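Only one structure is covered here, and it is reproduced in the block below.
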Amino acid sequence: MTIQRGTFGQVADTAIWALYPSYNEGSSSYVHTGLSNGAEKNALYRFELDSIPYGATVESATFSTTLYSSGTGEIRVHRINASWAESTVTWSSFADSFEPAVEATFLGASSGVATVDLTELVQAWVDGAHPNHGFLLEEDLTALTSYRSSEHDILGDRPSLEVCFH
């Protein structure tokens with residue numbers, strides 16, 4: 001099953017920015033991580049998993065995103081631990097509501113599609129070990145990475161989560 005806005009399931013994504021701590025970017029065609037105009041940006045994602053039965057075994061869960069980066073550094077995935085809404089969340093309201101532990105990593109690239117294995121995280125959500133508040137992407141402040149968001153005009157470039165389960 002592939003969850004992607006415009007094809008199947010519900011997806012929320014946005015960026016939060018330290019430079020404008022009260023600004024919401026929920027309707028933008030792009031989200032970002034890294035250093036933008038001298039301040040940190042983080043990307044937030046949440047894929048609804050309602051169509052996966054509680055307690056199902058997740059064989060694999062792969063997040064895919066179309067990206068453009070000024071660097072090739074490590075981009076880190078963290079579990080978010082508080083609820084947020086795409087249309088209202090800001091840097092201030094989010095208030096670092098993510099776990100410091102890194103769930104997975106992938107590398108920035110000048111362009112292309114990046115994928116990362118989130119099987120363990122998705123399994124924890126399906127099992128009810130953690131509520132599904134989604135995940136945050138962040139990277140060192142040496143690059144800026146742009147990701148096409150769920151609002152992007154090109155459906156195939158929107159972020160997706162492919163989950164195989166039984």
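Chain labels follow the order of the structure tokens: the first chain is A, the next B, and so on; residue numbering restarts at 1 in every chain, and ligands are counted from 1 in their shown order.
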Using only C-alpha atoms, which protein or nucleic acid residues come within 12 Å of Thr90 of chain A? Drop anything in the same chain fewer than 4 positions from it, and give the result as a PyMOL selection string. chain A and resi 14-26+41-44+84-86+94-97
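Residues in contact with Val116 of chain A at 8 Å, where only C-alpha atoms are counted and same-chain residues fewer than 6 positions away are skipped, are listed as A:Thr62, A:Phe63, A:Ser64, A:Ala104, A:Thr105, A:Phe106.
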List every residue of segment 25-122 of chain A that DSSP, applied to the backbone of this structure, assigns to alpha helix (DSSP H), and report them as a list in words.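 Output for segment 25-122 of chain A, alpha helix (DSSP H) only: Trp91, Ser92, Ser93, Phe94, Thr119, Glu120, Leu121 and Val122 of chain A.
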Using DSSP assignments from the backbone, pull out every residue in segment 15-111 of chain A that falls under strand (DSSP E or B) and give it to me as a ChimeraX atom specification. /A:15-17,30-36,39-47,58-69,74-80,98,104-107
Writing out the chosen residues with N, CA and C atoms as a short mmCIF file (atom, residue, chain, number, x, y, z; two decimals), in the first residue's frame:
```
data_model
loop_
_atom_site.label_atom_id
_atom_site.label_comp_id
_atom_site.auth_asym_id
_atom_site.auth_seq_id
_atom_site.Cartn_x
_atom_site.Cartn_y
_atom_site.Cartn_z
N ALA A 15 6.96 22.83 6.74
CA ALA A 15 8.26 23.19 7.30
C ALA A 15 8.04 24.19 8.42
N ILE A 16 8.94 24.17 9.39
CA ILE A 16 8.94 25.17 10.46
C ILE A 16 10.29 25.85 10.42
N TRP A 17 10.30 27.15 10.75
CA TRP A 17 11.49 27.97 10.51
C TRP A 17 11.78 28.85 11.72
N TYR A 30 6.78 23.24 -1.33
CA TYR A 30 8.08 22.71 -0.89
C TYR A 30 8.18 22.80 0.62
N VAL A 31 8.92 21.85 1.21
CA VAL A 31 9.32 21.94 2.61
C VAL A 31 10.85 21.86 2.62
N HIS A 32 11.47 22.28 3.72
CA HIS A 32 12.92 22.41 3.75
C HIS A 32 13.51 21.94 5.07
N THR A 33 14.80 21.58 4.99
CA THR A 33 15.61 21.34 6.18
C THR A 33 16.94 22.05 6.00
N GLY A 34 17.59 22.34 7.11
CA GLY A 34 18.92 22.93 7.05
C GLY A 34 18.92 24.41 7.33
N LEU A 35 19.86 25.11 6.70
CA LEU A 35 20.09 26.53 6.96
C LEU A 35 19.46 27.37 5.85
N SER A 36 18.53 28.23 6.24
CA SER A 36 17.85 29.12 5.30
C SER A 36 17.91 30.54 5.85
N ALA A 39 19.03 30.75 9.47
CA ALA A 39 18.25 30.14 10.54
C ALA A 39 17.84 28.72 10.16
N GLU A 40 17.61 27.90 11.17
CA GLU A 40 17.28 26.50 10.97
C GLU A 40 15.85 26.31 10.47
N LYS A 41 15.70 25.32 9.57
CA LYS A 41 14.39 24.86 9.11
C LYS A 41 14.31 23.35 9.31
N ASN A 42 13.14 22.87 9.68
CA ASN A 42 12.88 21.44 9.81
C ASN A 42 11.62 21.11 9.03
N ALA A 43 11.54 19.88 8.54
CA ALA A 43 10.37 19.40 7.82
C ALA A 43 9.59 18.41 8.67
N LEU A 44 8.27 18.52 8.66
CA LEU A 44 7.39 17.63 9.41
C LEU A 44 6.53 16.83 8.44
N TYR A 45 6.34 15.55 8.72
CA TYR A 45 5.51 14.67 7.89
C TYR A 45 4.66 13.78 8.79
N ARG A 46 3.44 13.51 8.33
CA ARG A 46 2.58 12.53 9.00
C ARG A 46 1.75 11.82 7.93
N PHE A 47 1.81 10.50 7.92
CA PHE A 47 1.03 9.66 7.02
C PHE A 47 0.02 8.90 7.87
N VAL A 58 4.41 -5.34 10.03
CA VAL A 58 4.91 -4.48 8.96
C VAL A 58 6.19 -5.12 8.41
N GLU A 59 6.12 -5.58 7.18
CA GLU A 59 7.29 -6.19 6.52
C GLU A 59 8.28 -5.12 6.09
N SER A 60 7.76 -4.00 5.60
CA SER A 60 8.62 -2.89 5.19
C SER A 60 7.80 -1.61 5.14
N ALA A 61 8.48 -0.49 5.37
CA ALA A 61 7.87 0.84 5.26
C ALA A 61 8.95 1.77 4.74
N THR A 62 8.73 2.31 3.56
CA THR A 62 9.74 3.15 2.90
C THR A 62 9.17 4.52 2.59
N PHE A 63 9.81 5.54 3.14
CA PHE A 63 9.47 6.93 2.84
C PHE A 63 10.27 7.35 1.62
N SER A 64 9.60 7.98 0.66
CA SER A 64 10.26 8.49 -0.55
C SER A 64 9.93 9.96 -0.72
N THR A 65 10.93 10.73 -1.14
CA THR A 65 10.73 12.16 -1.34
C THR A 65 11.62 12.66 -2.47
N THR A 66 11.11 13.60 -3.25
CA THR A 66 11.90 14.24 -4.29
C THR A 66 12.60 15.43 -3.65
N LEU A 67 13.93 15.47 -3.78
CA LEU A 67 14.69 16.50 -3.09
C LEU A 67 15.70 17.19 -3.99
N TYR A 68 16.11 18.36 -3.52
CA TYR A 68 17.16 19.17 -4.13
C TYR A 68 17.96 19.74 -2.97
N SER A 69 19.27 19.50 -2.94
CA SER A 69 20.06 19.92 -1.80
C SER A 69 21.33 20.63 -2.23
N GLU A 74 24.20 14.19 5.96
CA GLU A 74 23.21 13.29 6.52
C GLU A 74 21.95 14.05 6.93
N ILE A 75 20.81 13.52 6.53
CA ILE A 75 19.51 14.05 6.94
C ILE A 75 18.93 13.03 7.91
N ARG A 76 18.53 13.51 9.08
CA ARG A 76 18.11 12.63 10.16
C ARG A 76 16.58 12.65 10.34
N VAL A 77 16.05 11.47 10.65
CA VAL A 77 14.61 11.28 10.89
C VAL A 77 14.40 11.09 12.39
N HIS A 78 13.48 11.87 12.96
CA HIS A 78 13.14 11.77 14.38
C HIS A 78 11.63 11.57 14.54
N ARG A 79 11.24 10.79 15.52
CA ARG A 79 9.82 10.60 15.82
C ARG A 79 9.28 11.85 16.53
N ILE A 80 8.16 12.35 16.04
CA ILE A 80 7.49 13.49 16.67
C ILE A 80 6.65 12.96 17.84
N PHE A 98 9.98 16.65 19.39
CA PHE A 98 10.44 15.42 18.75
C PHE A 98 11.47 14.75 19.63
N ALA A 104 16.31 7.02 11.63
CA ALA A 104 16.90 6.61 10.35
C ALA A 104 17.62 7.82 9.76
N THR A 105 18.44 7.56 8.73
CA THR A 105 19.14 8.65 8.05
C THR A 105 19.16 8.38 6.55
N PHE A 106 19.34 9.46 5.78
CA PHE A 106 19.62 9.37 4.35
C PHE A 106 20.47 10.57 3.99
N LEU A 107 21.02 10.58 2.78
CA LEU A 107 21.93 11.64 2.38
C LEU A 107 21.26 12.64 1.45
#
```
So that I can see what lies close to Ser51 of chain A, please list as a compact mmCIF listing (two decimals) with all heavy atoms, in the first residue's frame the residues with an atom at most 12 Å from it, counting only C-alpha atoms and leaving out residues fewer than 4 positions away in the same chain.
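So out-v9.txt came out as:
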```
# COMPACT_ATOMS: atom_id res chain seq x y z
N MET A 1 0.85 -1.16 0.00
CA MET A 1 0.00 0.00 0.00
C MET A 1 0.90 1.23 0.00
O MET A 1 1.86 1.30 0.76
CB MET A 1 -0.88 -0.06 1.25
CG MET A 1 -1.48 1.24 1.67
SD MET A 1 -2.51 1.10 3.13
CE MET A 1 -1.29 1.20 4.39
N THR A 2 0.58 2.19 -0.89
CA THR A 2 1.35 3.44 -0.93
C THR A 2 0.44 4.59 -0.53
O THR A 2 -0.60 4.82 -1.14
CB THR A 2 1.92 3.69 -2.33
OG1 THR A 2 2.79 2.60 -2.66
CG2 THR A 2 2.71 4.99 -2.37
N ILE A 3 0.85 5.30 0.52
CA ILE A 3 0.10 6.46 1.02
C ILE A 3 0.73 7.71 0.42
O ILE A 3 1.93 7.95 0.60
CB ILE A 3 0.13 6.51 2.56
CG1 ILE A 3 -0.39 5.20 3.15
CG2 ILE A 3 -0.65 7.72 3.07
CD1 ILE A 3 -0.08 5.02 4.61
N PHE A 8 -3.87 7.88 -2.43
CA PHE A 8 -4.47 7.06 -1.39
C PHE A 8 -4.02 7.57 -0.02
O PHE A 8 -2.83 7.78 0.20
CB PHE A 8 -4.04 5.59 -1.54
CG PHE A 8 -4.57 4.70 -0.45
CD1 PHE A 8 -5.88 4.25 -0.46
CD2 PHE A 8 -3.76 4.33 0.61
CE1 PHE A 8 -6.37 3.45 0.55
CE2 PHE A 8 -4.23 3.53 1.63
CZ PHE A 8 -5.54 3.08 1.59
N GLY A 9 -4.97 7.74 0.87
CA GLY A 9 -4.65 8.09 2.24
C GLY A 9 -4.46 9.58 2.48
O GLY A 9 -4.50 10.39 1.56
N GLN A 10 -4.27 9.90 3.74
CA GLN A 10 -4.10 11.29 4.19
C GLN A 10 -2.64 11.54 4.55
O GLN A 10 -2.01 10.72 5.22
CB GLN A 10 -4.98 11.57 5.41
CG GLN A 10 -6.46 11.40 5.15
CD GLN A 10 -6.96 12.41 4.14
OE1 GLN A 10 -6.65 13.59 4.22
NE2 GLN A 10 -7.73 11.94 3.18
N PHE A 47 1.81 10.50 7.92
CA PHE A 47 1.03 9.66 7.02
C PHE A 47 0.02 8.90 7.87
O PHE A 47 0.42 8.19 8.80
CB PHE A 47 1.94 8.68 6.28
CG PHE A 47 2.90 9.34 5.32
CD1 PHE A 47 4.11 9.86 5.77
CD2 PHE A 47 2.58 9.46 3.98
CE1 PHE A 47 4.99 10.47 4.90
CE2 PHE A 47 3.47 10.07 3.09
CZ PHE A 47 4.66 10.58 3.55
N GLY A 55 -1.85 -4.13 15.24
CA GLY A 55 -1.14 -5.37 15.47
C GLY A 55 -0.65 -6.08 14.22
O GLY A 55 -0.04 -7.14 14.32
N ALA A 56 -0.90 -5.52 13.03
CA ALA A 56 -0.40 -6.14 11.80
C ALA A 56 1.13 -6.17 11.83
O ALA A 56 1.76 -5.35 12.50
CB ALA A 56 -0.89 -5.36 10.58
N VAL A 126 1.82 1.11 14.45
CA VAL A 126 0.76 0.12 14.23
C VAL A 126 0.51 -0.67 15.51
O VAL A 126 -0.64 -0.99 15.83
CB VAL A 126 1.14 -0.80 13.05
CG1 VAL A 126 0.19 -2.00 12.95
CG2 VAL A 126 1.13 -0.01 11.74
N VAL A 163 4.01 0.91 2.41
CA VAL A 163 4.00 -0.02 3.54
C VAL A 163 3.53 -1.39 3.05
O VAL A 163 2.46 -1.50 2.44
CB VAL A 163 3.06 0.48 4.66
CG1 VAL A 163 3.10 -0.46 5.86
CG2 VAL A 163 3.42 1.90 5.09
N CYS A 164 4.33 -2.41 3.32
CA CYS A 164 3.94 -3.80 3.07
C CYS A 164 3.69 -4.43 4.43
O CYS A 164 4.53 -4.36 5.32
CB CYS A 164 5.04 -4.55 2.34
SG CYS A 164 5.36 -3.91 0.70
N PHE A 165 2.52 -5.04 4.60
CA PHE A 165 2.15 -5.62 5.90
C PHE A 165 1.27 -6.84 5.69
O PHE A 165 0.72 -7.07 4.62
CB PHE A 165 1.43 -4.57 6.77
CG PHE A 165 0.11 -4.11 6.20
CD1 PHE A 165 -1.08 -4.72 6.58
CD2 PHE A 165 0.05 -3.07 5.29
CE1 PHE A 165 -2.29 -4.31 6.06
CE2 PHE A 165 -1.16 -2.64 4.77
CZ PHE A 165 -2.33 -3.27 5.15
N HIS A 166 1.14 -7.61 6.75
CA HIS A 166 0.18 -8.73 6.76
C HIS A 166 -0.36 -8.92 8.17
O HIS A 166 0.14 -8.42 9.13
CB HIS A 166 0.80 -10.02 6.22
CG HIS A 166 1.91 -10.57 7.05
ND1 HIS A 166 3.21 -10.18 6.89
CD2 HIS A 166 1.91 -11.45 8.07
CE1 HIS A 166 3.97 -10.83 7.76
NE2 HIS A 166 3.21 -11.60 8.49
```
Compare A:Ser87, A:Glu139, A:Gln4, A:Leu155 by their minimum atom-to-atom distance to Glu48 of chain A, counting only C-alpha atoms, and give me the closest one.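 Of A:Ser87, A:Glu139, A:Gln4, A:Leu155, the one nearest Glu48 of chain A is A:Gln4, counting only C-alpha atoms.
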